[in-house]
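Asker: This is target.cif, which holds mmCIF, C-alpha atoms and all ligand atoms:
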```cif
data_work
loop_
_atom_site.label_atom_id
_atom_site.label_comp_id
_atom_site.auth_asym_id
_atom_site.auth_seq_id
_atom_site.Cartn_x
_atom_site.Cartn_y
_atom_site.Cartn_z
CA MET O 1 14.13 -4.66 -20.65
CA ARG O 2 10.59 -5.02 -21.90
CA VAL O 3 8.31 -3.63 -19.18
CA GLY O 4 4.55 -4.06 -19.12
CA ILE O 5 2.48 -1.50 -17.25
CA LEU O 6 -0.74 -2.78 -15.66
CA GLY O 7 -2.58 0.40 -14.72
CA SER O 8 -1.40 3.46 -16.64
CA GLY O 9 -2.67 6.20 -14.32
CA LEU O 10 -0.65 8.58 -12.17
CA MET O 11 1.98 6.04 -11.14
CA GLY O 12 1.94 3.64 -14.10
CA GLY O 13 1.68 6.43 -16.68
CA LYS O 14 4.57 8.41 -15.24
CA LEU O 15 6.88 5.51 -14.41
CA GLY O 16 6.15 3.85 -17.76
CA THR O 17 7.13 7.11 -19.47
CA ILE O 18 10.29 7.28 -17.37
CA PHE O 19 11.21 3.64 -18.09
CA ALA O 20 10.72 4.28 -21.82
CA ARG O 21 12.91 7.40 -21.68
CA ALA O 22 15.51 5.37 -19.76
CA GLY O 23 15.72 3.02 -22.74
CA HIS O 24 13.30 0.24 -21.85
CA GLU O 25 10.61 -1.05 -24.17
CA VAL O 26 7.29 -0.25 -22.52
CA ILE O 27 3.74 -1.48 -23.07
CA PHE O 28 1.09 0.69 -21.41
CA SER O 29 -2.17 -1.03 -20.55
CA TYR O 30 -5.30 -0.85 -18.43
CA VAL O 31 -7.05 2.49 -18.51
CA ARG O 32 -10.66 3.06 -19.44
CA SER O 33 -9.91 4.86 -22.68
CA GLU O 34 -7.78 3.40 -25.43
CA GLN O 35 -7.14 6.91 -26.69
CA LYS O 36 -5.47 7.78 -23.39
CA LEU O 37 -3.17 4.77 -23.76
CA LYS O 38 -2.25 5.80 -27.30
CA THR O 39 -1.48 9.35 -26.16
CA LEU O 40 0.64 8.06 -23.27
CA ALA O 41 2.67 5.84 -25.57
CA ARG O 42 3.15 8.67 -28.09
CA ASN O 43 4.11 11.23 -25.44
CA ALA O 44 6.56 8.89 -23.76
CA LYS O 45 9.00 9.77 -26.56
CA GLY O 46 10.80 6.48 -26.08
CA ASN O 47 10.21 2.93 -27.14
CA ALA O 48 6.60 2.69 -25.97
CA ARG O 49 3.32 1.33 -27.26
CA HIS O 50 -0.09 0.54 -25.89
CA GLY O 51 -1.53 -2.94 -25.54
CA THR O 52 -3.91 -5.18 -23.68
CA PRO O 53 -3.15 -6.27 -20.11
CA ARG O 54 -2.36 -9.70 -21.53
CA GLU O 55 0.24 -8.25 -23.91
CA ALA O 56 1.64 -6.07 -21.12
CA ALA O 57 2.02 -9.17 -18.96
CA GLN O 58 3.06 -11.84 -21.46
CA GLU O 59 5.30 -10.05 -23.98
CA VAL O 60 7.62 -8.54 -21.37
CA ASP O 61 10.48 -9.28 -18.97
CA ALA O 62 8.91 -7.44 -16.04
CA VAL O 63 5.47 -6.18 -15.05
CA PHE O 64 4.72 -3.00 -13.12
CA LEU O 65 1.41 -3.18 -11.24
CA ALA O 66 -0.19 0.21 -10.48
CA VAL O 67 -3.92 -0.15 -10.03
CA HIS O 68 -6.29 0.66 -7.20
CA TRP O 69 -6.60 -2.29 -4.82
CA SER O 70 -10.20 -2.82 -5.94
CA ARG O 71 -8.97 -3.45 -9.52
CA VAL O 72 -6.20 -5.94 -8.72
CA ASP O 73 -8.25 -9.11 -9.28
CA ASP O 74 -9.69 -7.75 -12.51
CA VAL O 75 -6.36 -6.73 -14.00
CA LEU O 76 -4.64 -9.97 -12.93
CA LYS O 77 -7.41 -11.98 -14.57
CA LYS O 78 -6.89 -10.02 -17.78
CA ALA O 79 -3.10 -10.36 -17.52
CA GLY O 80 -3.08 -14.17 -17.44
CA ASP O 81 -0.38 -16.43 -16.05
CA LEU O 82 2.45 -14.53 -14.36
CA SER O 83 4.47 -17.55 -13.21
CA GLY O 84 8.17 -16.78 -13.05
CA LYS O 85 7.61 -13.16 -14.01
CA PRO O 86 9.05 -10.27 -11.96
CA VAL O 87 6.01 -8.28 -10.76
CA ILE O 88 6.94 -4.92 -9.26
CA THR O 89 3.97 -3.50 -7.37
CA CYS O 90 3.26 -0.05 -5.98
CA SER O 91 -0.42 -0.81 -5.35
CA LEU O 92 -1.51 -0.07 -1.80
CA PRO O 93 -4.36 -2.06 -0.21
CA MET O 94 -6.68 0.95 0.13
CA ASN O 95 -10.41 0.95 0.78
CA ASP O 96 -12.77 2.27 -1.87
CA ASP O 97 -12.73 5.89 -0.71
CA ASN O 98 -8.95 5.85 -0.09
CA THR O 99 -9.27 6.71 3.59
CA GLY O 100 -7.41 3.73 4.98
CA LEU O 101 -5.66 0.42 4.48
CA VAL O 102 -7.81 -2.68 4.33
CA ILE O 103 -4.87 -4.90 5.26
CA GLY O 104 -2.23 -4.14 7.84
CA HIS O 105 -0.34 -5.00 11.04
CA THR O 106 -0.23 -8.76 10.52
CA SER O 107 -0.08 -8.76 6.73
CA SER O 108 0.17 -6.39 3.77
CA GLY O 109 -1.20 -5.87 0.29
CA ALA O 110 2.08 -7.23 -1.06
CA GLU O 111 1.76 -10.48 0.87
CA GLU O 112 -1.86 -10.84 -0.23
CA LEU O 113 -0.77 -10.22 -3.83
CA LYS O 114 1.84 -12.94 -3.46
CA LYS O 115 -0.94 -15.34 -2.39
CA LYS O 116 -2.80 -14.48 -5.60
CA LEU O 117 0.41 -14.94 -7.63
CA PRO O 118 2.31 -17.69 -5.81
CA LYS O 119 4.67 -18.37 -8.72
CA ALA O 120 5.44 -14.76 -9.65
CA ARG O 121 8.52 -12.87 -8.44
CA VAL O 122 6.69 -10.18 -6.45
CA VAL O 123 8.66 -7.12 -5.34
CA VAL O 124 7.32 -3.98 -3.69
CA ALA O 125 8.79 -0.70 -4.91
CA PHE O 126 7.78 2.89 -5.64
CA ASN O 127 4.82 2.67 -3.23
CA THR O 128 6.35 5.23 -0.84
CA VAL O 129 6.83 7.95 -3.48
CA PRO O 130 4.16 10.51 -4.42
CA SER O 131 3.79 10.45 -8.20
CA GLU O 132 4.30 14.23 -8.28
CA VAL O 133 8.04 13.91 -7.67
CA LEU O 134 8.83 11.18 -10.19
CA PHE O 135 9.71 13.35 -13.18
CA SER O 136 11.93 15.77 -11.25
CA VAL O 137 13.83 12.89 -9.66
CA TYR O 138 14.28 11.28 -13.08
CA GLU O 139 15.47 14.53 -14.64
CA ALA O 140 18.12 14.88 -11.91
CA LYS O 141 19.23 11.28 -12.12
CA ARG O 142 22.70 11.78 -13.53
CA LYS O 143 23.75 13.87 -10.54
CA ALA O 144 25.59 12.50 -7.54
CA ARG O 145 22.91 12.68 -4.87
CA ARG O 146 19.80 10.62 -5.41
CA PRO O 147 16.81 10.14 -3.13
CA SER O 148 16.60 6.70 -1.55
CA LEU O 149 13.78 4.33 -2.38
CA VAL O 150 13.01 1.24 -0.33
CA TYR O 151 11.99 -2.02 -1.90
CA CYS O 152 11.30 -5.46 -0.46
CA GLY O 153 10.66 -8.96 -1.70
CA ASP O 154 11.55 -12.62 -1.25
CA ASP O 155 12.76 -13.34 -4.77
CA GLN O 156 16.34 -12.42 -5.68
CA THR O 157 15.77 -12.25 -9.44
CA GLY O 158 12.72 -10.05 -8.98
CA LYS O 159 14.70 -7.79 -6.69
CA GLU O 160 17.52 -7.44 -9.23
CA VAL O 161 15.00 -6.34 -11.85
CA ALA O 162 13.46 -3.86 -9.38
CA VAL O 163 16.91 -2.44 -8.55
CA GLU O 164 17.58 -1.76 -12.22
CA LEU O 165 14.25 0.01 -12.67
CA ILE O 166 14.64 2.00 -9.44
CA ARG O 167 18.11 3.20 -10.54
CA ASP O 168 16.89 3.98 -14.03
CA ALA O 169 14.11 6.11 -12.51
CA GLY O 170 16.75 8.17 -10.65
CA PHE O 171 16.52 6.75 -7.12
CA GLU O 172 19.06 4.94 -4.96
CA PRO O 173 17.58 1.52 -4.13
CA VAL O 174 17.53 0.48 -0.45
CA ASP O 175 16.84 -3.19 0.20
CA ALA O 176 14.39 -3.28 3.11
CA GLY O 177 14.42 -7.09 3.25
CA PRO O 178 11.70 -9.70 2.71
CA LEU O 179 8.22 -9.12 1.35
CA ARG O 180 6.68 -9.03 4.84
CA ILE O 181 8.44 -5.67 5.39
CA ALA O 182 5.66 -4.26 3.19
CA ARG O 183 3.60 -4.33 6.42
CA TYR O 184 5.65 -1.29 7.41
CA THR O 185 6.22 0.38 4.03
CA GLU O 186 2.49 0.44 3.20
CA PRO O 187 1.47 2.46 6.30
CA PHE O 188 4.56 4.64 5.71
CA ALA O 189 3.29 5.31 2.19
CA LEU O 190 0.01 6.49 3.71
CA LEU O 191 1.90 8.77 6.05
CA MET O 192 3.70 10.27 3.05
CA GLY O 193 0.40 10.78 1.26
CA GLU O 194 -1.27 12.22 4.35
CA LEU O 195 1.55 14.70 4.90
CA ALA O 196 1.94 15.56 1.25
CA TYR O 197 -1.73 16.09 0.45
CA GLY O 198 -3.69 16.41 3.69
CA GLY O 199 -1.56 17.54 6.60
CA ALA O 200 -0.19 20.90 7.58
CA GLY O 201 3.35 19.73 6.75
CA GLY O 202 2.24 18.65 3.29
CA PRO O 203 3.63 21.24 0.95
CA GLU O 204 6.84 21.31 2.94
CA LEU O 205 7.27 17.58 2.65
CA THR O 206 6.59 17.60 -1.06
CA TYR O 207 9.00 20.50 -1.32
CA ARG O 208 11.67 18.44 0.43
CA PHE O 209 11.28 15.71 -2.14
CA GLU O 210 11.56 18.26 -4.91
CA ARG O 211 14.50 19.92 -3.22
CA LEU O 212 16.32 16.59 -3.10
CA GLY O 213 15.90 16.40 -6.85
CA ASN O 214 17.11 19.98 -7.28
CA GLU O 215 20.12 19.47 -5.01
CA ALA O 216 21.00 16.33 -6.93
CA GLU O 217 20.79 18.37 -10.10
CA ARG O 218 23.18 21.03 -8.78
CA SER O 219 25.77 18.61 -7.31
N1 LIG N 301 -0.57 8.33 -6.95
C1 LIG N 301 0.42 8.18 -6.10
O1 LIG N 301 1.15 9.14 -5.80
C2 LIG N 301 0.70 6.83 -5.49
C3 LIG N 301 1.84 6.69 -4.71
C4 LIG N 301 2.15 5.43 -4.19
C5 LIG N 301 1.32 4.34 -4.44
N2 LIG N 301 0.19 4.53 -5.18
C6 LIG N 301 -0.66 3.34 -5.42
O2 LIG N 301 -0.50 3.02 -6.79
C7 LIG N 301 -1.71 2.47 -7.31
C8 LIG N 301 -2.14 3.28 -8.51
O3 LIG N 301 -2.36 4.62 -8.08
P1 LIG N 301 -2.57 5.79 -9.11
O4 LIG N 301 -2.56 7.03 -8.32
O5 LIG N 301 -1.64 5.62 -10.25
O6 LIG N 301 -4.06 5.48 -9.57
P2 LIG N 301 -4.79 5.96 -10.90
O7 LIG N 301 -4.18 7.22 -11.38
O8 LIG N 301 -6.24 5.90 -10.61
O9 LIG N 301 -4.39 4.79 -11.92
C9 LIG N 301 -5.06 3.55 -11.94
C10 LIG N 301 -5.35 3.18 -13.37
O10 LIG N 301 -6.27 2.09 -13.38
C11 LIG N 301 -7.23 2.34 -14.40
N3 LIG N 301 -8.53 1.73 -14.15
C12 LIG N 301 -9.34 1.88 -13.09
N4 LIG N 301 -10.48 1.19 -13.27
C13 LIG N 301 -10.38 0.59 -14.47
C14 LIG N 301 -11.22 -0.26 -15.21
N5 LIG N 301 -12.42 -0.62 -14.76
N6 LIG N 301 -10.79 -0.70 -16.42
C15 LIG N 301 -9.60 -0.32 -16.89
N7 LIG N 301 -8.75 0.50 -16.23
C16 LIG N 301 -9.14 0.95 -15.03
C17 LIG N 301 -7.40 3.83 -14.38
O11 LIG N 301 -7.94 4.22 -15.63
P3 LIG N 301 -8.39 5.72 -15.96
O12 LIG N 301 -7.12 6.46 -16.27
O13 LIG N 301 -9.26 5.55 -17.14
O14 LIG N 301 -9.07 6.23 -14.74
C18 LIG N 301 -6.00 4.33 -14.13
O15 LIG N 301 -5.28 4.55 -15.32
C19 LIG N 301 -2.74 2.51 -6.17
O16 LIG N 301 -2.78 1.25 -5.56
C20 LIG N 301 -2.15 3.54 -5.21
O17 LIG N 301 -2.52 3.27 -3.89
C21 LIG N 301 -0.14 5.73 -5.73
#
```
Any chance you could put this one into structure tokens?

Answerer:
Amino acid sequence: MRVGILGSGLMGGKLGTIFARAGHEVIFSYVRSEQKLKTLARNAKGNARHGTPREAAQEVDAVFLAVHWSRVDDVLKKAGDLSGKPVITCSLPMNDDNTGLVIGHTSSGAEELKKKLPKARVVVAFNTVPSEVLFSVYEAKRKARRPSLVYCGDDQTGKEVAVELIRDAGFEPVDAGPLRIARYTEPFALLMGELAYGGAGGPELTYRFERLGNEAERS
């Protein structure tokens, strides 16, 4: 698949690298320094290049959206028409200082994104995983036991694309149902972040993720 990355930071940079190593053709886009994009593409050691958000959206089979919520409108404007395109998003609707969700309970960032992109095939995936574990899960991917990863969406084609990318990244996809289920996965993602980075159980939780990868590697 040709996969365009909109937002090549912690999530987009790592998953784009993983998708390239898994054999996909990747276009990294949307960071503040072009040099960083070039370095990412070079270090991916797969079929990867850097490009504009428009190239990353138009010259691909699927788009991975990984920007801060405050940058969504800007990057979508730069990306252009996404009608009919599978858009896999991990972007959480966070406030500017990342202390809370700006949408929740009766809607979700994913559903708001769908309103902005009514004709795109929006699927939510990877939003519940701390970026720190992505490489170790990928490296253990050929082993029998894989960590589960929930995804949700209303579009079957988009979901099939997401399933392929989730598997290629080393996770076992778990279909959580329609896009509105993101109302529950987004707060869960915050819980993961809170425990992993802020709470007393943090290191232990991160360790459990890593241990899953290690166990998968051994089995
Ligand atoms: N990190 C995680 O573990 C994690 C887990 C689950 C979900 N998420 C969600 O995933 C999304 C991305 O998170 P992240 O941690 O990957 O964020 P990040 O590392 O900050 O990546 C966002 C990217 O957007 C780029 N960007 C920001 N402002 C820009 C501008 N004005 N022009 C061009 N590029 C700009 C940044 O460029 P620079 O590199 O130049 O700063 C960066 O590469 C967020 O919605 C977050 O809530 C993150």

Asker: Counting all atoms listed in the file, what are the residues of chain O within 7 Å of ligand LIG 301 (chain N), and for each of them which pair of atoms is the nearest and at what distance in Å, to one decimal? Sort the table by chain and rising number, as JSON lines.

Answerer:
```
{"residue": "O:Gly7", "atom": "CA", "partner": "N:LIG301", "partner_atom": "C10", "distance": 4.2}
{"residue": "O:Ser8", "atom": "CA", "partner": "N:LIG301", "partner_atom": "O15", "distance": 4.2}
{"residue": "O:Gly9", "atom": "CA", "partner": "N:LIG301", "partner_atom": "O15", "distance": 3.2}
{"residue": "O:Leu10", "atom": "CA", "partner": "N:LIG301", "partner_atom": "O5", "distance": 3.7}
{"residue": "O:Met11", "atom": "CA", "partner": "N:LIG301", "partner_atom": "O5", "distance": 3.8}
{"residue": "O:Gly12", "atom": "CA", "partner": "N:LIG301", "partner_atom": "O5", "distance": 5.6}
{"residue": "O:Tyr30", "atom": "CA", "partner": "N:LIG301", "partner_atom": "N7", "distance": 4.3}
{"residue": "O:Val31", "atom": "CA", "partner": "N:LIG301", "partner_atom": "N7", "distance": 3.5}
{"residue": "O:Arg32", "atom": "CA", "partner": "N:LIG301", "partner_atom": "O13", "distance": 3.7}
{"residue": "O:Ser33", "atom": "CA", "partner": "N:LIG301", "partner_atom": "O13", "distance": 5.6}
{"residue": "O:Ala66", "atom": "CA", "partner": "N:LIG301", "partner_atom": "C8", "distance": 4.1}
{"residue": "O:Val67", "atom": "CA", "partner": "N:LIG301", "partner_atom": "C8", "distance": 4.2}
{"residue": "O:His68", "atom": "CA", "partner": "N:LIG301", "partner_atom": "O16", "distance": 3.9}
{"residue": "O:Trp69", "atom": "CA", "partner": "N:LIG301", "partner_atom": "O16", "distance": 5.3}
{"residue": "O:Arg71", "atom": "CA", "partner": "N:LIG301", "partner_atom": "N4", "distance": 6.2}
{"residue": "O:Cys90", "atom": "CA", "partner": "N:LIG301", "partner_atom": "O2", "distance": 4.9}
{"residue": "O:Ser91", "atom": "CA", "partner": "N:LIG301", "partner_atom": "O16", "distance": 3.1}
{"residue": "O:Leu92", "atom": "CA", "partner": "N:LIG301", "partner_atom": "O17", "distance": 4.1}
{"residue": "O:Pro93", "atom": "CA", "partner": "N:LIG301", "partner_atom": "O16", "distance": 6.5}
{"residue": "O:Met94", "atom": "CA", "partner": "N:LIG301", "partner_atom": "O17", "distance": 6.2}
{"residue": "O:Phe126", "atom": "CA", "partner": "N:LIG301", "partner_atom": "C4", "distance": 6.3}
{"residue": "O:Asn127", "atom": "CA", "partner": "N:LIG301", "partner_atom": "C4", "distance": 4.0}
{"residue": "O:Thr128", "atom": "CA", "partner": "N:LIG301", "partner_atom": "C4", "distance": 5.4}
{"residue": "O:Val129", "atom": "CA", "partner": "N:LIG301", "partner_atom": "C3", "distance": 5.3}
{"residue": "O:Pro130", "atom": "CA", "partner": "N:LIG301", "partner_atom": "O1", "distance": 3.6}
{"residue": "O:Ser131", "atom": "CA", "partner": "N:LIG301", "partner_atom": "O1", "distance": 3.8}
{"residue": "O:Glu132", "atom": "CA", "partner": "N:LIG301", "partner_atom": "O1", "distance": 6.5}
{"residue": "O:Ala189", "atom": "CA", "partner": "N:LIG301", "partner_atom": "C4", "distance": 6.5}
```

Asker: Enter the distance from atom CA of O:Pro118 to atom CA of O:Leu190, in Å, rounded to one decimal.

Answerer: 26.1 Å

Asker: May I ask which of the residues O:Asp73, O:Phe64, O:Gly51, O:Ala22 is the closest one to O:Lys115, counting all atoms listed in the file?

Answerer: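 Ranked by minimum distance to O:Lys115, first place goes to O:Asp73.
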
Asker: Would you work out the distance separating atom CA of O:Gly23 from atom CA of O:Ala176, expressed in Å to one decimal?

Answerer: 26.6 Å

Asker: Any idea what's packed within 10 Å of stretch 149-151 of chain O, counting all atoms listed in the file, ignoring anything in its chain fewer than 4 positions away? Could you give it as a list in words?

Answerer: Ile88, Thr89, Cys90, Val123, Val124, Ala125, Phe126, Asn127, Thr128, Val129, Lys159, Ala162, Val163, Ile166, Arg167, Gly170, Phe171, Glu172, Pro173, Val174, Asp175, Ala176, Gly177, Pro178, Leu179, Ile181, Ala182 and Thr185 of chain O

Asker: Take the selection from the previous step and output its residues with C-alpha atoms, as a PDB file, in the coordinates of the input.

Answerer:
```pdb
ATOM      1  CA  ILE O  88       6.940  -4.920  -9.260  1.00  0.00           C
ATOM      2  CA  THR O  89       3.970  -3.500  -7.370  1.00  0.00           C
ATOM      3  CA  CYS O  90       3.260  -0.050  -5.980  1.00  0.00           C
ATOM      4  CA  VAL O 123       8.660  -7.120  -5.340  1.00  0.00           C
ATOM      5  CA  VAL O 124       7.320  -3.980  -3.690  1.00  0.00           C
ATOM      6  CA  ALA O 125       8.790  -0.700  -4.910  1.00  0.00           C
ATOM      7  CA  PHE O 126       7.780   2.890  -5.640  1.00  0.00           C
ATOM      8  CA  ASN O 127       4.820   2.670  -3.230  1.00  0.00           C
ATOM      9  CA  THR O 128       6.350   5.230  -0.840  1.00  0.00           C
ATOM     10  CA  VAL O 129       6.830   7.950  -3.480  1.00  0.00           C
ATOM     11  CA  LYS O 159      14.700  -7.790  -6.690  1.00  0.00           C
ATOM     12  CA  ALA O 162      13.460  -3.860  -9.380  1.00  0.00           C
ATOM     13  CA  VAL O 163      16.910  -2.440  -8.550  1.00  0.00           C
ATOM     14  CA  ILE O 166      14.640   2.000  -9.440  1.00  0.00           C
ATOM     15  CA  ARG O 167      18.110   3.200 -10.540  1.00  0.00           C
ATOM     16  CA  GLY O 170      16.750   8.170 -10.650  1.00  0.00           C
ATOM     17  CA  PHE O 171      16.520   6.750  -7.120  1.00  0.00           C
ATOM     18  CA  GLU O 172      19.060   4.940  -4.960  1.00  0.00           C
ATOM     19  CA  PRO O 173      17.580   1.520  -4.130  1.00  0.00           C
ATOM     20  CA  VAL O 174      17.530   0.480  -0.450  1.00  0.00           C
ATOM     21  CA  ASP O 175      16.840  -3.190   0.200  1.00  0.00           C
ATOM     22  CA  ALA O 176      14.390  -3.280   3.110  1.00  0.00           C
ATOM     23  CA  GLY O 177      14.420  -7.090   3.250  1.00  0.00           C
ATOM     24  CA  PRO O 178      11.700  -9.700   2.710  1.00  0.00           C
ATOM     25  CA  LEU O 179       8.220  -9.120   1.350  1.00  0.00           C
ATOM     26  CA  ILE O 181       8.440  -5.670   5.390  1.00  0.00           C
ATOM     27  CA  ALA O 182       5.660  -4.260   3.190  1.00  0.00           C
ATOM     28  CA  THR O 185       6.220   0.380   4.030  1.00  0.00           C
TER      29      THR O 185
END
```

Asker: Work out how far atom CA of O:Ser108 is from atom CA of O:Leu165, in Å to one decimal.

Answerer: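 About the pair atom CA of O:Leu165 and atom CA of O:Ser108: they are 22.6 Å apart.
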
Asker: For O:Ile27, which of O:Ala48, O:Val133, O:Ala169, O:Met192 is the closest residue, counting only C-alpha atoms?

Answerer: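 Result for the nearest residue to O:Ile27: O:Ala48.
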
Asker: Using all atoms listed in the file, which residues sit within 9 Å of O:Glu59 once same-chain residues fewer than 6 positions away are excluded, as a PyMOL selection string?

Answerer: chain O and resi 2-4+27
